[in-house]
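Visitor: Here you go, one structure.
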There are 2 protein chains.
Amino acid sequence: VTQIPPVGTEWVVDARGCDPHKLRDRAVLEQFVARVLREVSLNAVLPPLIHVVPGEGGITAMVLLAESHLTFHTFPEHGTLTANLYCCSERPPWPWPERVTEVFGATRVDVRTLPRGGY
Amino acid sequence: VTQIPPVGTEWVVDARGCDPHKLRDRAVLEQFVARVLREVSLNAVLPPLIHVVPGEGGITAMVLLAESHLTFHTFPEHGTLTANLYCCSERPPWPWPERVTEVFGATRVDVRTLPRGGY
């Protein structure tokens, strides 16, 4: 058996019980994206792409990183926020549950940590 | 215990043993992205973002979808391609292993299927 090392790590974050008003607030999500970039020392290759779904829908944010990518989708109708941070260079874990709870009022946050490319 | 339904499904694809030349070929990746969009009936909100890492590096492709997102990263130095397809409306499974093997020459393709937002 050949052991193949991973090329990176992806953190898959699912948060429930969030405040729907926060999940519809573009400025709140933009500030959160900026905070993750800053606190995890990530390098955005391009400015974040933000897409607000028309009507009562949620918001998508995507950032192309030198380290891979960061994405968010919010679902105000379900009180749900999901995030992916894929990082192909090492980073210490970030306190996703505490931060998502603080900013979006989540009542439950699950974080899955996936090795990518070899496991 | 409250059962919370998922908001979507994410397919996490890791392919090894790929042809490094294919992994550095922007046109090959662009055509593959277009094929996934077409064959899975996905709706791109914006044109795909493509970023070629300078030197001998790989390529990143990101697509903001009405259905959530599609991302690719290639690592020619490892013969590795990784993809994420996050879809918040139902889709039949797509034959990732067969397609990635056909186009990039992968020798092994693993697909993980993650429910998102409630599980």
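Just so we're on the same page: first chain in the structure tokens is A, next is B, and so on; residues restart at 1 for each chain, and ligands are numbered from 1 in the order they show up.
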Can you list every residue of chain B that has an atom at most 10 Å from chain A, with its nearest atom pair and the distance in Å to one decimal, using only C-alpha atoms, ordered by chain then number, as a tab-separated table?
Guide:
residue	atom	partner	partner_atom	distance
B:Ile4	CA	A:Arg16	CA	9.0
B:Pro5	CA	A:His78	CA	9.4
B:Pro6	CA	A:Thr80	CA	9.5
B:Val7	CA	A:Phe75	CA	7.8
B:Val12	CA	A:Arg116	CA	8.8
B:Val13	CA	A:Gly117	CA	8.3
B:Asp14	CA	A:Gly117	CA	5.0
B:Ala15	CA	A:Gly117	CA	6.6
B:Arg16	CA	A:Gly117	CA	7.0
B:Val45	CA	A:His51	CA	8.4
B:Leu46	CA	A:His51	CA	9.4
B:Leu49	CA	A:Leu64	CA	8.3
B:Ile50	CA	A:Leu64	CA	9.1
B:His51	CA	A:Leu64	CA	8.2
B:Val53	CA	A:Ala66	CA	8.2
B:Ile59	CA	A:Ser68	CA	9.8
B:Thr60	CA	A:Ser68	CA	7.4
B:Ala61	CA	A:Leu64	CA	8.6
B:Met62	CA	A:Leu64	CA	7.5
B:Val63	CA	A:Met62	CA	8.9
B:Leu64	CA	A:Met62	CA	7.5
B:Leu65	CA	A:Thr60	CA	9.1
B:Ala66	CA	A:Val53	CA	8.2
B:Ser68	CA	A:His73	CA	7.1
B:His69	CA	A:Thr71	CA	8.4
B:Thr71	CA	A:His69	CA	8.4
B:Phe72	CA	A:Ser68	CA	9.1
B:His73	CA	A:Ser68	CA	7.2
B:Thr74	CA	A:Gly117	CA	9.8
B:Phe75	CA	A:Val7	CA	7.8
B:His78	CA	A:Val7	CA	8.0
B:Gly79	CA	A:Gly117	CA	9.5
B:Thr80	CA	A:Gly117	CA	6.3
B:Leu81	CA	A:Gly117	CA	7.2
B:Thr82	CA	A:Gly117	CA	6.4
B:Ala83	CA	A:Arg116	CA	9.6
B:Asn84	CA	A:Asn84	CA	10.0
B:Tyr86	CA	A:His73	CA	10.0
B:Cys88	CA	A:His73	CA	9.8
B:Val109	CA	A:Gly117	CA	9.4
B:Asp110	CA	A:Gly117	CA	8.9
B:Leu114	CA	A:Val12	CA	9.5
B:Pro115	CA	A:Asp14	CA	9.8
B:Arg116	CA	A:Asp14	CA	6.6
B:Gly117	CA	A:Asp14	CA	5.0
B:Gly118	CA	A:Asp14	CA	7.4
B:Tyr119	CA	A:Asp14	CA	9.4
Visitor: So which residues of segment 8-97 of chain B fall under strand (DSSP E or B) by DSSP, listed as a VMD selection string?
Guide: chain B and resid 8 to 16 44 49 to 52 59 to 65 68 to 75 80 to 87
Visitor: Would you please work out which residue, of A:Leu37, A:Leu29, A:Pro20, A:Pro93, is nearest to Gly57 of chain A when using only C-alpha atoms?
Guide: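 Ranked by minimum distance to Gly57 of chain A, first place goes to A:Pro20.
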Visitor: Residues of chain B in alpha helix (DSSP H) according to DSSP, as a PyMOL selection string?
Guide: chain B and resi 20-23+26-39+96-104
Visitor: If I take atom CA of Lys22 of chain B and atom CA of Thr101 of chain B, how far is one from the other in Å, to one decimal?
Guide: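 Computing it gives 11.4 Å between the two atoms.
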Visitor: For a quick check of understanding, using only C-alpha atoms, which of B:Pro48, B:Arg112, B:Pro76, B:Pro54 has the smallest distance to Gly17 of chain B?
Guide: B:Pro76
Visitor: Rounded to one decimal in Å, what is the spacing between atom CA of Cys87 of chain B and atom CA of Cys18 of chain A?
Guide: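 Rounded to one decimal, the two atoms are 20.7 Å apart.
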Visitor: Just how far from atom CA of Pro95 of chain A is atom CA of Val36 of chain A, in Å to one decimal?
Guide: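 Separation of atom CA of Val36 of chain A and atom CA of Pro95 of chain A: 10.1 Å.
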